[in-house]
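Visitor: Handing you this structure, nothing more for now.
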Amino acid sequence: MTAPLKGISASPGIAIARAFHLAHERFIPTQQAITDTDAEVGRFHLAVAVARDEIEVIRSSTAERLGEDKAEIFEGHLMILEDPDFIDAIALKITDEAMNAEFTLHETAQSFIELLQSMSDELLRGRAVDIEDVSGRIMSHLRGVPHMDLAGMTEECIIVAKDLTPSDTAQLNLEFVRGFVTEIGSRTSHSAIMARSLEIPAIVGIGAAVQQIPAQAVIVMDANEGIVLIAPTEEELTAYQDKKQKNDLRRMALSKLKDLPTLSADGKQVELAANIGKLEDIQRAIDNGAEGIGLFRTEFLYMGRSSLPTEEEQFTSYKYALEKMNPKPVVIRTLDIGGDKELPYMELPKESNPFLGQRALRLCLDRQDLFRTQLRALLRASRFGNLKIMFPMIAVLEELLEAKQLLEEEKQKLIAEGVQLADHIEIGMMVEIPAAAIAADLFAPEIDFFSIGTNDLIQYTMAADRMNETVAYLYQPWHPSLLRLIRFVIQAAEKEGKWVGMCGEMAGDETAIPLLLGLGLHEFSMSAGSILPARELISQLDQSSWSDYANQALTMRSTQEITQFVEHTRNGVIHHG
């Protein structure tokens with residue numbers, strides 16, 4: 001047996017099967033001069049038309065198989081086929097330079113791919129895969145070579161590949177494909193998203209080591225841990241077969257909790273919601289029993305494009321989300337751009353410390369044109385579901401009051417225009433800056449809810465960049481200062497009869513959940529896949545007991561002391577099956 005390969009768990013689960021290498025031929029065309037440019041352009045447009053027909057078929061079958069939200073990936077592919085900056089530019093280049101279509105397509109696509117791959121934003125880098133997928137399909141028709149059809153698989157296997165395009169993933173025959181491992185990719189790549197929707201194990205980003213996997217070798221992929229075993233021993237194979245069986249049984253047991261309320265052992269009800277970053281995440285939230293959307297990041301509407309989204313585009317997306325979840329609540333966060341999230345087309349000035357600079361609401365209050373457009377779209381969509389609007393990155397009361405004032409102004413304009421709106425929309429703010437947490441009693445009368453964003457709150461409280469390895473030891477969710485801030489926010493809210501949620505990663509941490517329940521948190525918002533395990537855990541906890549334990553934890557002096565106390569208490573209270 002060779003050493004296990006380690007990658008990123010993109011979709012959980014365990015699979016055991018023989019490896020099937022999916023080798024997309026990397027065709028690099030040669031440059032050829034042509035004399036009849038009109039005929040060559042016609043040949044190119046014919047290949048584009050055939051590719052469009054194929055993608056339409058894939059889009060329809062994906063919508064039928066996985067839902068309209070997943071099929072939206074292929075709307076993006078169809079848009080590439082209509083994009084004049086891509087298609088018309090190739091046709092013009094063929095004419096101007098009298099070069100063959102294959103070479104011109106390859107040159108143009110590569111320039112787009114390299115530009116997108118060089119960008120720091122993960123979503124924009126992901127667009128490079130779409131360009132590669134679409135241009136590869138056009139190229140196959142120019143060459144008269146059939147595009148590989150993964151729907152035709154007839155033997156049980158685990159796919160091994162450099163990467164899977166969205167159309168590859170959408171066409172996987174799940175009767176035989178048990179999972180896939182890839183050389184490149186991330187948790188947010190389209191193939192990873194599709195794998196989670198298909199509920200098949202996927203490990204991505206293993207690196208060039210995937211080439212070490214011999215074709216037809218039996219492999220074990222433990223996508224819970226991101227590990228691939230090549231040619232496992234009999235002992236290992238037996239151990240993973242047992243683990244897979246237990247994993248399957250646990251998934252079946254958890255699925256029974258999908259439509260149940262979230263109740264502690266002593267009857268305290270809380271809400272488990274999902275964090276989402278794209279519309280296609282909504283169905284997964286529903287499938288995993290989310291009682292609402294606790295954090296709808298709207299940045300996806302602004303990224304991966306060359307201009308700001310229109311009011312109508314935003315309205316359509318918000319309306320879709322609200323209708324899909326109705327009557328469950330949807331907390332939509334207004335634009336949180338800046339910091340590490342850039343919009344190249346806005347040409348924002350470089351800042352020496354962008355995380356402490358003009359980002360999120362600070363930017364929106366300065367750029368009221370884009371902020372008012374988003375507020376109008378949100379207000380117009382409000383009547384289609386249970387909308388709650390949340391403002392991010394608030395440090396002082398004046399920022400919250402100004403944001404509310406702008407919202408009210410747009411509301412009155414829409415009413416004057418005769419637009420129908422929801423009777424009431426809850427307004428909340430994120431607590432991610434220590435100043436906002438310490439002054440929570442001043443903010444509480446002005447809002448309907450708080451949502452604690454622990455990722456930023458921890459790094460700002462500890463003055464430590466969570467991405468900086470040299471100070472990573474200071475990123476301590478359990479530090480007494482954090483717990484005191486969380487308790488202070490909850491107490492300030494409860495005095496005003498308001499509720500408090502948490503949308504940072506701490507909310508889905510099974511070690512943190514008992515203490516957060518004890519502190520009195522009302523809503524936990526997390527990744528969809530964490531919801532059912534969290535519901536099971538809470539059903540085993542006694543909230544009143546954990547309220548006492550939380551008070552004890554708040555008297556402790558260090559992260560180590562608190563974590564040991566929580567682990568010891570939890571293990572003594574919960575009986576694991």
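Labeling convention for the structure tokens: chains A, B, ... as they appear, residues from 1 per chain, ligands from 1 in order of appearance.
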So that I can check the surroundings of Ile200 of chain A, please list as a PDB file with N, CA, C and O atoms, in the first residue's frame every protein, DNA and RNA residue that reaches within 10 Å of it, counting only C-alpha atoms and ignoring chain neighbours fewer than 3 positions away.
Guide:
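File written: out_19.pdb
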```
ATOM      1  N   ALA A  10     -14.643  17.926  -0.211  1.00  0.00           N
ATOM      2  CA  ALA A  10     -15.614  18.799  -0.873  1.00  0.00           C
ATOM      3  C   ALA A  10     -17.039  18.319  -0.669  1.00  0.00           C
ATOM      4  O   ALA A  10     -17.983  19.103  -0.741  1.00  0.00           O
ATOM      5  N   SER A  11     -17.214  17.048  -0.452  1.00  0.00           N
ATOM      6  CA  SER A  11     -18.529  16.466  -0.192  1.00  0.00           C
ATOM      7  C   SER A  11     -18.304  15.222   0.649  1.00  0.00           C
ATOM      8  O   SER A  11     -17.542  14.338   0.253  1.00  0.00           O
ATOM      9  N   PRO A  12     -18.925  15.112   1.839  1.00  0.00           N
ATOM     10  CA  PRO A  12     -18.570  14.044   2.771  1.00  0.00           C
ATOM     11  C   PRO A  12     -19.073  12.665   2.340  1.00  0.00           C
ATOM     12  O   PRO A  12     -19.932  12.530   1.472  1.00  0.00           O
ATOM     13  N   GLY A  13     -18.522  11.648   3.008  1.00  0.00           N
ATOM     14  CA  GLY A  13     -18.937  10.275   2.742  1.00  0.00           C
ATOM     15  C   GLY A  13     -17.729   9.375   2.529  1.00  0.00           C
ATOM     16  O   GLY A  13     -16.591   9.838   2.469  1.00  0.00           O
ATOM     17  N   ILE A  14     -17.987   8.096   2.443  1.00  0.00           N
ATOM     18  CA  ILE A  14     -16.927   7.109   2.234  1.00  0.00           C
ATOM     19  C   ILE A  14     -17.294   6.273   1.014  1.00  0.00           C
ATOM     20  O   ILE A  14     -18.454   5.876   0.854  1.00  0.00           O
ATOM     21  N   ALA A  15     -16.311   6.029   0.141  1.00  0.00           N
ATOM     22  CA  ALA A  15     -16.562   5.206  -1.044  1.00  0.00           C
ATOM     23  C   ALA A  15     -15.404   4.236  -1.223  1.00  0.00           C
ATOM     24  O   ALA A  15     -14.253   4.560  -0.922  1.00  0.00           O
ATOM     25  N   LEU A 174     -24.925   8.022 -11.440  1.00  0.00           N
ATOM     26  CA  LEU A 174     -24.789   7.664 -10.029  1.00  0.00           C
ATOM     27  C   LEU A 174     -25.107   6.209  -9.748  1.00  0.00           C
ATOM     28  O   LEU A 174     -24.901   5.735  -8.625  1.00  0.00           O
ATOM     29  N   VAL A 177     -21.090   5.497 -10.471  1.00  0.00           N
ATOM     30  CA  VAL A 177     -20.020   6.350  -9.935  1.00  0.00           C
ATOM     31  C   VAL A 177     -20.224   6.523  -8.433  1.00  0.00           C
ATOM     32  O   VAL A 177     -21.253   7.009  -7.978  1.00  0.00           O
ATOM     33  N   ARG A 178     -19.217   6.115  -7.645  1.00  0.00           N
ATOM     34  CA  ARG A 178     -19.314   6.147  -6.184  1.00  0.00           C
ATOM     35  C   ARG A 178     -18.734   7.425  -5.585  1.00  0.00           C
ATOM     36  O   ARG A 178     -18.982   7.741  -4.423  1.00  0.00           O
ATOM     37  N   GLY A 179     -17.916   8.136  -6.356  1.00  0.00           N
ATOM     38  CA  GLY A 179     -17.331   9.376  -5.862  1.00  0.00           C
ATOM     39  C   GLY A 179     -16.281   9.848  -6.843  1.00  0.00           C
ATOM     40  O   GLY A 179     -16.061   9.225  -7.885  1.00  0.00           O
ATOM     41  N   PHE A 180     -15.618  10.984  -6.535  1.00  0.00           N
ATOM     42  CA  PHE A 180     -14.515  11.413  -7.392  1.00  0.00           C
ATOM     43  C   PHE A 180     -13.447  12.132  -6.598  1.00  0.00           C
ATOM     44  O   PHE A 180     -13.724  12.742  -5.553  1.00  0.00           O
ATOM     45  N   ALA A 192     -17.523  20.812  -6.801  1.00  0.00           N
ATOM     46  CA  ALA A 192     -17.732  20.516  -5.383  1.00  0.00           C
ATOM     47  C   ALA A 192     -19.185  20.775  -4.990  1.00  0.00           C
ATOM     48  O   ALA A 192     -19.807  19.980  -4.268  1.00  0.00           O
ATOM     49  N   MET A 194     -21.794  20.725  -6.951  1.00  0.00           N
ATOM     50  CA  MET A 194     -22.643  19.701  -7.574  1.00  0.00           C
ATOM     51  C   MET A 194     -22.520  18.377  -6.827  1.00  0.00           C
ATOM     52  O   MET A 194     -23.508  17.658  -6.650  1.00  0.00           O
ATOM     53  N   ALA A 195     -21.311  18.042  -6.377  1.00  0.00           N
ATOM     54  CA  ALA A 195     -21.115  16.787  -5.644  1.00  0.00           C
ATOM     55  C   ALA A 195     -21.948  16.780  -4.370  1.00  0.00           C
ATOM     56  O   ALA A 195     -22.560  15.758  -4.016  1.00  0.00           O
ATOM     57  N   ARG A 196     -21.982  17.906  -3.657  1.00  0.00           N
ATOM     58  CA  ARG A 196     -22.784  17.980  -2.429  1.00  0.00           C
ATOM     59  C   ARG A 196     -24.269  17.843  -2.759  1.00  0.00           C
ATOM     60  O   ARG A 196     -25.033  17.247  -1.999  1.00  0.00           O
ATOM     61  N   SER A 197     -24.670  18.393  -3.900  1.00  0.00           N
ATOM     62  CA  SER A 197     -26.074  18.271  -4.303  1.00  0.00           C
ATOM     63  C   SER A 197     -26.418  16.832  -4.651  1.00  0.00           C
ATOM     64  O   SER A 197     -27.503  16.344  -4.341  1.00  0.00           O
ATOM     65  N   ALA A 223     -13.991  10.853   2.409  1.00  0.00           N
ATOM     66  CA  ALA A 223     -14.198  12.282   2.150  1.00  0.00           C
ATOM     67  C   ALA A 223     -14.569  13.052   3.411  1.00  0.00           C
ATOM     68  O   ALA A 223     -14.633  14.274   3.383  1.00  0.00           O
TER      69      ALA A 223
END
```
Visitor: Just list as an MDAnalysis selection string whatever in segment 5-96 of chain A DSSP marks as strand (DSSP E).
Guide: chainID A and resid 5:6 8:11 14:22
Visitor: Nearest to Pro261 of chain A among A:Ala170, A:Asp448, A:Asp53, A:Gly292, with distances taken over only C-alpha atoms: which residue is it?
Guide: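 Closest to Pro261 of chain A, using only C-alpha atoms: A:Gly292.
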Visitor: So that I can check the secondary structure, give me every residue of segment 80-313 of chain A assigned alpha helix (DSSP H) by backbone DSSP, as a ChimeraX atom specification.
Guide: /A:80-82,89-97,101-117,122-143,166-170,190-198,234-255,281-287,311-313
Visitor: For Ala19 of chain A, which residue among A:Gly185, A:Pro201, A:Pro214, A:Gly42 is the nearest when counting only C-alpha atoms?
Guide: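 Looking at the shortest contact to Ala19 of chain A, the residue is A:Pro214.
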Visitor: Of the residues A:Ala321, A:Ile184, A:Met430, A:Leu406, which is the one nearest to Cys503 of chain A, using only C-alpha atoms?
Guide: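 Distance minimum relative to Cys503 of chain A lands on A:Met430.
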Visitor: Could you jot down the atom CA of Arg372 of chain A to atom CA of Gly385 of chain A separation for me, Å, one decimal place?
Guide: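 Going from atom CA of Arg372 of chain A over to atom CA of Gly385 of chain A covers 20.7 Å.
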Visitor: As an exercise, work out the distance from atom CA of Ala493 of chain A to atom CA of Ala360 of chain A in Å and give it to one decimal place.
Guide: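 Between atom CA of Ala493 of chain A and atom CA of Ala360 of chain A the gap works out to 23.3 Å.
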Visitor: Counting only C-alpha atoms, which of A:Ala265, A:Leu198, A:Leu116, A:Leu164 gets nearest to Ser186 of chain A?
Guide: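 Ranked by minimum distance to Ser186 of chain A, first place goes to A:Leu164.
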Visitor: Quick one: residues within 10 Å of segment 229-243 of chain A, only C-alpha atoms, excluding same-chain residues fewer than 4 positions away - as a list of chain:residue names?
Guide: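 The residues that qualify are A:Met1, A:Thr2, A:Ala3, A:Pro4, A:Leu5, A:Lys6, A:Gly13, A:Ile14, A:Ala15, A:Ile16, A:Arg18, A:Ala19, A:Gln212, A:Ile213, A:Pro214, A:Ala217, A:Val218, A:Ile219, A:Val220, A:Met221, A:Asp222, A:Asn247, A:Asp248, A:Leu249.
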Visitor: With distances taken over only C-alpha atoms, which of A:Ile427, A:Leu78, A:Ala17, A:Leu554 is nearest to Val160 of chain A?
Guide: A:Ala17
Visitor: Skip Gln476 of chain A itself and residues of its chain fewer than 2 positions away, then list as a PyMOL selection string all residues within 12 Å of it, counting only C-alpha atoms.
Guide: chain A and resi 454-466+471-474+478-483+506+512+558-560+562-563
Visitor: Residues within 12 Å of Asp83 of chain A, please, as a ChimeraX atom specification. Count only C-alpha atoms; anything in the same chain fewer than 6 positions from it doesn't count.
Guide: /A:48,76-77,89-91,131,134,305-306
Visitor: So which residues touch Phe449 of chain A within 12 Å, counting only C-alpha atoms, skipping near sequence neighbours fewer than 2 positions away, as a ChimeraX atom specification?
Guide: /A:294,331,388-391,425-431,440,443-447,451-452,489-490,492-494,496-502,521-523
Visitor: Which is closer to Glu183 of chain A than all the others in A:Pro166, A:Gln216, A:Leu407, A:Gly7, using only C-alpha atoms?
Guide: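 Among A:Pro166, A:Gln216, A:Leu407, A:Gly7, it is A:Gly7 that comes nearest to Glu183 of chain A.
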Visitor: Atom CA of Gln211 of chain A and atom CA of Val129 of chain A are how many Å apart?
Guide: 20.5 Å
Visitor: So that I can check the surroundings of Tyr320 of chain A, please list as a PyMOL selection string every protein, DNA and RNA residue that reaches within 9 Å of it, counting only C-alpha atoms and ignoring chain neighbours fewer than 6 positions away.
Guide: chain A and resi 279+381+384
